[in-house]
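Everything on this sheet refers to the single structure shown next.
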Amino acid sequence: MESTGYNRCMGTPVNKNPDFIFHQRTPPNGGPPLNRLINEFTTPVQDFFLRTHGDMPDVDSSTYRLTVGGLVKRPGQFSVQELAEHFRTKEITATLQCAGNRRSSASAIKPVPNEVSWGNEAISNAGWKGYSLTDVLNFAGFDDQAQHVEFIGADRCLKEGTEVHFGGSIPLTRALQGDVLLAYEMNDQPVTKEHGAPLRAIVPGYIGARSVKWLKEINLLARPSKNLFHAHAYRLFSSEASSTDADWEHALELGELSVNSCICAIEDVSSGLLVKGYATAGGNRHVVRVDIGYGEPLKWREASFQDPPEPGIWRRWQAIIPKLLVGELICARAWDSAANTQPEDPENVWNFKGYMNNAWHRIRFGMPSADVKVAKPEIEYYL
């Protein structure tokens, strides 16, 4: 069992394992070693990935108030105690994944400047306990014009030269499906400061940016949030677009995640190579199949799953393939319950923000990237 402790980011302790991989310390952004990421179905808090956009706020639970406003019939504020008195508790399991997960392999094709250089570790799974957003919205009542639900956090972040609270919105129809949570517990313990205490949103199947931490406001809106982190970030552009000519207003607004899979570990066993990883699907879809390709030309084997098929939750998988020579190719592709699969060519999903990279995950067995020159720069390497 590895020891756990507190890492420090600009004087702020965060409850992470000593070998937690920080891509940034200020603000703290990082994840666990990949081989340990998939050890457990629910990720321990000490290994749960961190995505923060600004300084972590100090929120006093004794004076905390959640404001519910906008196009509602009964606007109001709720203390921690009042939330507990008014709303029943609900428990769910949900996987959170950053829209920038796997950005490093996108950067290998063309540069993705000024973004966190995520590998494949910007994802984790946990059990969550809190209040159903559906119950809160029904209690407040909402106007017929309401079409979107905005979440605003207490964290203040610099965006486009302006200091703003982090925020974003989801469609009201998604908010009313019953599984969006206002969570105060994570893996049967109070949510920690770095993960959004005392209350955070959990939106299964959506990009992690919509699961706003340090939640202070819920607003019903007629149109999507105009928060800069919604209107001028987390937008998807074509592979031809650049940051200098980007049309932010008309770019695709990110919401549901794409089907994805990643190789996290390879073990030499008596019968061959045991390849292990995770796969995810977005929206109300779930992962139904993962194929592992090996060699050139590729041969394929179907992986087996360690976890049940549930929307919004990852499925860890494993497969045994024949032993390979150093440098031979291994890749993974997943399919979801709507028959969506990952694209083969990573150049077709490249974009200057490095979002939603879900091309086949490729590695070359046993070769460190520093020692190898290849024609396909998007191929990663297994050390």
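If you're wondering about the labels, chains in the structure tokens are A, B, ... by order shown, residues count from 1 in each chain, ligands from 1 in order shown.
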message = I'd like the neighbourhood of segment 83-92 of chain A as a list in words, where a residue qualifies if any of its atoms comes within 6 Å (using only C-alpha atoms), though same-chain residues fewer than 3 positions away should be ignored.
response =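 So, after excluding close chain neighbours, the residues are Phe78, Val80, Gly127, Trp128, Lys129, Gly130 and Tyr131 of chain A.
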task = List the neighbours of Gly30 of chain A out to 7 Å using only C-alpha atoms; skip same-chain residues closer than 4 positions along the sequence, and give me the result as a PyMOL selection string.
result = chain A and resi 21-24+49-51
Take the residues from that selection and write them out as a compact mmCIF listing (two decimals), in the first residue's frame, keeping all heavy atoms.
```
# COMPACT_ATOMS: atom_id res chain seq x y z
N ILE A 21 1.03 13.17 -10.39
CA ILE A 21 1.74 13.88 -11.45
C ILE A 21 1.09 15.24 -11.67
O ILE A 21 -0.03 15.34 -12.21
CB ILE A 21 1.72 13.07 -12.76
CG1 ILE A 21 2.35 11.69 -12.52
CG2 ILE A 21 2.45 13.81 -13.87
CD1 ILE A 21 2.03 10.69 -13.62
N PHE A 22 1.77 16.30 -11.26
CA PHE A 22 1.24 17.65 -11.46
C PHE A 22 1.76 18.21 -12.78
O PHE A 22 2.96 18.35 -12.99
CB PHE A 22 1.66 18.57 -10.31
CG PHE A 22 0.86 18.36 -9.07
CD1 PHE A 22 1.34 17.56 -8.05
CD2 PHE A 22 -0.38 18.97 -8.90
CE1 PHE A 22 0.59 17.36 -6.89
CE2 PHE A 22 -1.13 18.78 -7.76
CZ PHE A 22 -0.64 17.97 -6.74
N HIS A 23 0.84 18.57 -13.68
CA HIS A 23 1.21 19.28 -14.89
C HIS A 23 1.37 20.76 -14.61
O HIS A 23 2.09 21.46 -15.32
CB HIS A 23 0.15 19.07 -15.98
CG HIS A 23 0.02 17.63 -16.39
ND1 HIS A 23 0.98 16.98 -17.13
CD2 HIS A 23 -0.95 16.71 -16.14
CE1 HIS A 23 0.60 15.73 -17.34
NE2 HIS A 23 -0.56 15.55 -16.75
N GLN A 24 0.65 21.22 -13.60
CA GLN A 24 0.78 22.59 -13.11
C GLN A 24 0.64 22.55 -11.60
O GLN A 24 -0.12 21.75 -11.06
CB GLN A 24 -0.32 23.50 -13.67
CG GLN A 24 -0.16 23.93 -15.10
CD GLN A 24 -1.27 24.89 -15.52
OE1 GLN A 24 -2.30 25.00 -14.87
NE2 GLN A 24 -1.05 25.59 -16.62
N PHE A 49 -8.09 12.77 -10.28
CA PHE A 49 -7.43 13.85 -11.01
C PHE A 49 -7.95 15.22 -10.58
O PHE A 49 -9.09 15.36 -10.12
CB PHE A 49 -7.59 13.65 -12.53
CG PHE A 49 -8.84 14.22 -13.14
CD1 PHE A 49 -8.82 15.43 -13.81
CD2 PHE A 49 -10.05 13.53 -13.06
CE1 PHE A 49 -9.97 15.96 -14.40
CE2 PHE A 49 -11.20 14.04 -13.64
CZ PHE A 49 -11.16 15.26 -14.30
N LEU A 50 -7.11 16.23 -10.71
CA LEU A 50 -7.44 17.59 -10.33
C LEU A 50 -7.46 18.48 -11.57
O LEU A 50 -6.50 18.50 -12.34
CB LEU A 50 -6.38 18.16 -9.38
CG LEU A 50 -6.56 18.01 -7.89
CD1 LEU A 50 -5.38 18.67 -7.17
CD2 LEU A 50 -7.86 18.62 -7.43
N ARG A 51 -8.56 19.21 -11.76
CA ARG A 51 -8.61 20.24 -12.80
C ARG A 51 -9.11 21.52 -12.16
O ARG A 51 -10.27 21.60 -11.72
CB ARG A 51 -9.53 19.82 -13.95
CG ARG A 51 -9.67 20.90 -15.04
CD ARG A 51 -8.33 21.15 -15.72
NE ARG A 51 -8.41 22.09 -16.85
CZ ARG A 51 -7.82 23.27 -16.85
NH1 ARG A 51 -7.18 23.70 -15.77
NH2 ARG A 51 -7.88 24.05 -17.91
```
inquiry  = When DSSP is applied to the backbone of this structure, which of segment 21-132 of chain A are assigned helix (DSSP H, G or I)? Write them out as a ChimeraX atom specification.
reply    = /A:34-37,45-47,80-86,103-107
inquiry  = Just want the 7 Å neighbourhood of segment 156-171 of chain A, counted on only C-alpha atoms, with same-chain residues fewer than 4 positions away dropped. Output as a PyMOL selection string.
reply    = chain A and resi 53-55+147-152+175+210+212+224-225+227-230
Output N, CA and C atoms for every residue in that selection, as a PDB file, in the first residue's frame.
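The result, stored in out_27.pdb:
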```pdb
ATOM      1  N   HIS A  53      -8.981  25.951 -12.484  1.00  0.00           N
ATOM      2  CA  HIS A  53      -8.723  27.058 -13.403  1.00  0.00           C
ATOM      3  C   HIS A  53      -8.205  28.304 -12.697  1.00  0.00           C
ATOM      4  N   GLY A  54      -8.327  28.349 -11.376  1.00  0.00           N
ATOM      5  CA  GLY A  54      -7.880  29.498 -10.607  1.00  0.00           C
ATOM      6  C   GLY A  54      -7.566  29.064  -9.190  1.00  0.00           C
ATOM      7  N   ASP A  55      -7.311  30.021  -8.321  1.00  0.00           N
ATOM      8  CA  ASP A  55      -7.021  29.692  -6.934  1.00  0.00           C
ATOM      9  C   ASP A  55      -8.220  29.006  -6.288  1.00  0.00           C
ATOM     10  N   GLN A 147     -34.675  27.320 -20.367  1.00  0.00           N
ATOM     11  CA  GLN A 147     -34.185  26.249 -21.231  1.00  0.00           C
ATOM     12  C   GLN A 147     -32.822  25.711 -20.800  1.00  0.00           C
ATOM     13  N   HIS A 148     -32.134  26.440 -19.929  1.00  0.00           N
ATOM     14  CA  HIS A 148     -30.781  26.062 -19.533  1.00  0.00           C
ATOM     15  C   HIS A 148     -30.577  26.296 -18.036  1.00  0.00           C
ATOM     16  N   VAL A 149     -29.701  25.496 -17.444  1.00  0.00           N
ATOM     17  CA  VAL A 149     -29.363  25.621 -16.023  1.00  0.00           C
ATOM     18  C   VAL A 149     -27.887  25.973 -15.916  1.00  0.00           C
ATOM     19  N   GLU A 150     -27.619  27.114 -15.304  1.00  0.00           N
ATOM     20  CA  GLU A 150     -26.250  27.604 -15.167  1.00  0.00           C
ATOM     21  C   GLU A 150     -25.722  27.314 -13.764  1.00  0.00           C
ATOM     22  N   PHE A 151     -24.473  26.841 -13.707  1.00  0.00           N
ATOM     23  CA  PHE A 151     -23.770  26.644 -12.443  1.00  0.00           C
ATOM     24  C   PHE A 151     -22.642  27.674 -12.361  1.00  0.00           C
ATOM     25  N   ILE A 152     -22.526  28.341 -11.228  1.00  0.00           N
ATOM     26  CA  ILE A 152     -21.441  29.293 -11.003  1.00  0.00           C
ATOM     27  C   ILE A 152     -20.699  28.886  -9.733  1.00  0.00           C
ATOM     28  N   ALA A 175     -30.798  18.525 -17.155  1.00  0.00           N
ATOM     29  CA  ALA A 175     -30.830  18.740 -15.712  1.00  0.00           C
ATOM     30  C   ALA A 175     -31.964  17.989 -15.036  1.00  0.00           C
ATOM     31  N   ARG A 210     -18.519  20.973 -16.761  1.00  0.00           N
ATOM     32  CA  ARG A 210     -19.906  21.247 -16.362  1.00  0.00           C
ATOM     33  C   ARG A 210     -20.197  20.783 -14.935  1.00  0.00           C
ATOM     34  N   VAL A 212     -19.343  21.766 -11.986  1.00  0.00           N
ATOM     35  CA  VAL A 212     -18.715  22.936 -11.368  1.00  0.00           C
ATOM     36  C   VAL A 212     -18.480  22.701  -9.874  1.00  0.00           C
ATOM     37  N   PRO A 224     -28.016  29.514 -23.331  1.00  0.00           N
ATOM     38  CA  PRO A 224     -26.824  29.011 -22.639  1.00  0.00           C
ATOM     39  C   PRO A 224     -26.081  30.113 -21.894  1.00  0.00           C
ATOM     40  N   SER A 225     -25.339  29.731 -20.892  1.00  0.00           N
ATOM     41  CA  SER A 225     -24.587  30.666 -20.061  1.00  0.00           C
ATOM     42  C   SER A 225     -23.666  31.541 -20.900  1.00  0.00           C
ATOM     43  N   ASN A 227     -21.191  32.986 -19.325  1.00  0.00           N
ATOM     44  CA  ASN A 227     -19.937  32.931 -18.597  1.00  0.00           C
ATOM     45  C   ASN A 227     -18.792  32.669 -19.583  1.00  0.00           C
ATOM     46  N   LEU A 228     -17.670  33.348 -19.409  1.00  0.00           N
ATOM     47  CA  LEU A 228     -16.583  33.219 -20.372  1.00  0.00           C
ATOM     48  C   LEU A 228     -16.080  31.791 -20.513  1.00  0.00           C
ATOM     49  N   PHE A 229     -16.201  30.987 -19.447  1.00  0.00           N
ATOM     50  CA  PHE A 229     -15.757  29.606 -19.530  1.00  0.00           C
ATOM     51  C   PHE A 229     -16.768  28.717 -20.260  1.00  0.00           C
ATOM     52  N   HIS A 230     -17.902  29.299 -20.609  1.00  0.00           N
ATOM     53  CA  HIS A 230     -18.872  28.576 -21.432  1.00  0.00           C
ATOM     54  C   HIS A 230     -18.924  29.172 -22.837  1.00  0.00           C
TER      55      HIS A 230
END
```
Residues of segment 288-375 of chain A that have any atom at most 7 Å from an atom of segment 243-262 of chain A: could you tabulate them with the shortest-distance atom pair and the distance in Å to one decimal, using only C-alpha atoms, ordered by chain and increasing number, as a tab-separated table?
```
residue	atom	partner	partner_atom	distance
A:Ala332	CA	A:Ser261	CA	6.5
A:Arg333	CA	A:Ser261	CA	6.1
A:Ala334	CA	A:Ser261	CA	5.9
A:Trp335	CA	A:Val259	CA	6.8
A:Asp336	CA	A:Val259	CA	6.4
A:Asn340	CA	A:Val259	CA	7.0
A:Thr341	CA	A:Val259	CA	6.4
A:Gln342	CA	A:Val259	CA	6.4
A:Phe352	CA	A:Ser243	CA	6.7
A:Met356	CA	A:Ser258	CA	6.8
A:Asn358	CA	A:Asn260	CA	5.2
A:His361	CA	A:Cys262	CA	5.7
```
task = Measure the distance from atom CA of Ala303 of chain A to atom CA of Ala279 of chain A in Å and round it to one decimal.
result =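 We find that atom CA of Ala303 of chain A and atom CA of Ala279 of chain A lie 10.9 Å from each other.
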With a distance cut-off of 12 Å and only C-alpha atoms, select the neighbouring residues of Ile320 of chain A, excluding the residue or stretch itself and same-chain residues fewer than 3 positions from it, and output the selection as a short mmCIF file (atom, residue, chain, number, x, y, z; two decimals) with N, CA, C and O atoms, in the first residue's frame.
```cif
data_model
loop_
_atom_site.label_atom_id
_atom_site.label_comp_id
_atom_site.auth_asym_id
_atom_site.auth_seq_id
_atom_site.Cartn_x
_atom_site.Cartn_y
_atom_site.Cartn_z
N ALA A 265 -1.80 0.06 -18.96
CA ALA A 265 -0.77 -0.81 -18.42
C ALA A 265 -0.61 -2.03 -19.31
O ALA A 265 -1.56 -2.48 -19.96
N ILE A 266 0.61 -2.55 -19.35
CA ILE A 266 0.90 -3.79 -20.07
C ILE A 266 1.75 -4.67 -19.15
O ILE A 266 2.76 -4.20 -18.60
N GLU A 267 1.31 -5.90 -18.95
CA GLU A 267 2.04 -6.83 -18.09
C GLU A 267 2.46 -8.06 -18.89
O GLU A 267 1.68 -8.59 -19.70
N ASP A 268 3.67 -8.50 -18.67
CA ASP A 268 4.19 -9.71 -19.31
C ASP A 268 3.72 -10.91 -18.49
O ASP A 268 4.12 -11.08 -17.34
N VAL A 269 2.84 -11.74 -19.06
CA VAL A 269 2.33 -12.91 -18.37
C VAL A 269 2.70 -14.15 -19.18
O VAL A 269 3.17 -14.06 -20.32
N SER A 270 2.48 -15.31 -18.59
CA SER A 270 2.93 -16.54 -19.24
C SER A 270 2.28 -16.77 -20.60
O SER A 270 2.89 -17.32 -21.52
N SER A 271 1.03 -16.33 -20.75
CA SER A 271 0.29 -16.58 -21.99
C SER A 271 0.43 -15.46 -23.02
O SER A 271 -0.16 -15.54 -24.10
N GLY A 272 1.19 -14.42 -22.71
CA GLY A 272 1.36 -13.32 -23.66
C GLY A 272 1.54 -12.00 -22.95
O GLY A 272 2.20 -11.91 -21.91
N LEU A 273 0.92 -10.96 -23.49
CA LEU A 273 0.93 -9.63 -22.88
C LEU A 273 -0.48 -9.29 -22.42
O LEU A 273 -1.43 -9.37 -23.19
N LEU A 274 -0.62 -8.93 -21.15
CA LEU A 274 -1.91 -8.51 -20.60
C LEU A 274 -2.00 -6.99 -20.73
O LEU A 274 -1.25 -6.25 -20.08
N VAL A 275 -2.89 -6.54 -21.62
CA VAL A 275 -3.08 -5.11 -21.88
C VAL A 275 -4.33 -4.66 -21.12
O VAL A 275 -5.38 -5.30 -21.21
N LYS A 276 -4.21 -3.54 -20.37
CA LYS A 276 -5.32 -3.08 -19.53
C LYS A 276 -5.55 -1.59 -19.75
O LYS A 276 -4.61 -0.84 -20.03
N ASP A 291 -11.82 -3.17 -28.66
CA ASP A 291 -10.95 -4.02 -29.47
C ASP A 291 -9.51 -3.60 -29.26
O ASP A 291 -9.19 -2.39 -29.24
N ILE A 292 -8.62 -4.58 -29.16
CA ILE A 292 -7.20 -4.32 -29.04
C ILE A 292 -6.51 -4.81 -30.30
O ILE A 292 -6.62 -5.99 -30.66
N GLY A 293 -5.83 -3.91 -30.98
CA GLY A 293 -5.09 -4.26 -32.18
C GLY A 293 -3.61 -4.39 -31.87
O GLY A 293 -3.08 -3.70 -31.00
N TYR A 294 -2.93 -5.28 -32.59
CA TYR A 294 -1.49 -5.46 -32.35
C TYR A 294 -0.81 -5.89 -33.64
O TYR A 294 -1.41 -6.51 -34.52
N TRP A 300 -6.74 -8.15 -34.46
CA TRP A 300 -7.60 -7.62 -33.40
C TRP A 300 -8.08 -8.71 -32.46
O TRP A 300 -8.38 -9.83 -32.88
N ARG A 301 -8.20 -8.33 -31.18
CA ARG A 301 -8.82 -9.17 -30.18
C ARG A 301 -9.79 -8.34 -29.34
O ARG A 301 -9.49 -7.18 -29.02
N GLU A 302 -10.92 -8.93 -29.00
CA GLU A 302 -11.90 -8.22 -28.19
C GLU A 302 -11.52 -8.35 -26.72
O GLU A 302 -11.19 -9.44 -26.23
N ALA A 303 -11.58 -7.23 -26.01
CA ALA A 303 -11.24 -7.21 -24.59
C ALA A 303 -12.43 -7.66 -23.75
O ALA A 303 -13.58 -7.62 -24.18
N SER A 304 -12.15 -8.08 -22.54
CA SER A 304 -13.19 -8.38 -21.56
C SER A 304 -13.27 -7.23 -20.55
O SER A 304 -12.30 -6.51 -20.35
N TRP A 317 -11.11 -2.49 -18.81
CA TRP A 317 -11.05 -3.66 -19.68
C TRP A 317 -9.65 -4.26 -19.64
O TRP A 317 -8.69 -3.63 -19.19
N LYS A 323 2.89 -12.19 -27.34
CA LYS A 323 4.09 -11.42 -27.04
C LYS A 323 4.58 -10.73 -28.30
O LYS A 323 4.49 -11.27 -29.40
N LEU A 324 5.08 -9.50 -28.14
CA LEU A 324 5.50 -8.69 -29.27
C LEU A 324 6.98 -8.35 -29.18
O LEU A 324 7.58 -8.39 -28.10
N ILE A 330 0.57 -1.40 -30.69
CA ILE A 330 -0.63 -1.83 -29.95
C ILE A 330 -1.59 -0.65 -29.98
O ILE A 330 -1.19 0.50 -29.77
#
```
task = Using backbone DSSP assignments, extract all strand (DSSP E or B) residues from segment 24-78 of chain A; output them as a ChimeraX atom specification.
result = /A:24,29-31,50,66-70,72,76-78
message = One decimal, in Å: what's the spacing between atom CA of Gly295 of chain A and atom CA of Gln318 of chain A?
response =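 Separation between atom CA of Gly295 of chain A and atom CA of Gln318 of chain A: 17.4 Å.
Remark: for Thr52 of chain A, the closest of the candidate residues A:Val116, A:Cys264, A:Leu329, A:Val180 is A:Val116 (distances computed over only C-alpha atoms).
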task = Please measure the separation of atom CA of Trp214 of chain A and atom CA of Thr280 of chain A, giving the value in Å to one decimal.
result =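 Between atom CA of Trp214 of chain A and atom CA of Thr280 of chain A the gap works out to 25.7 Å.
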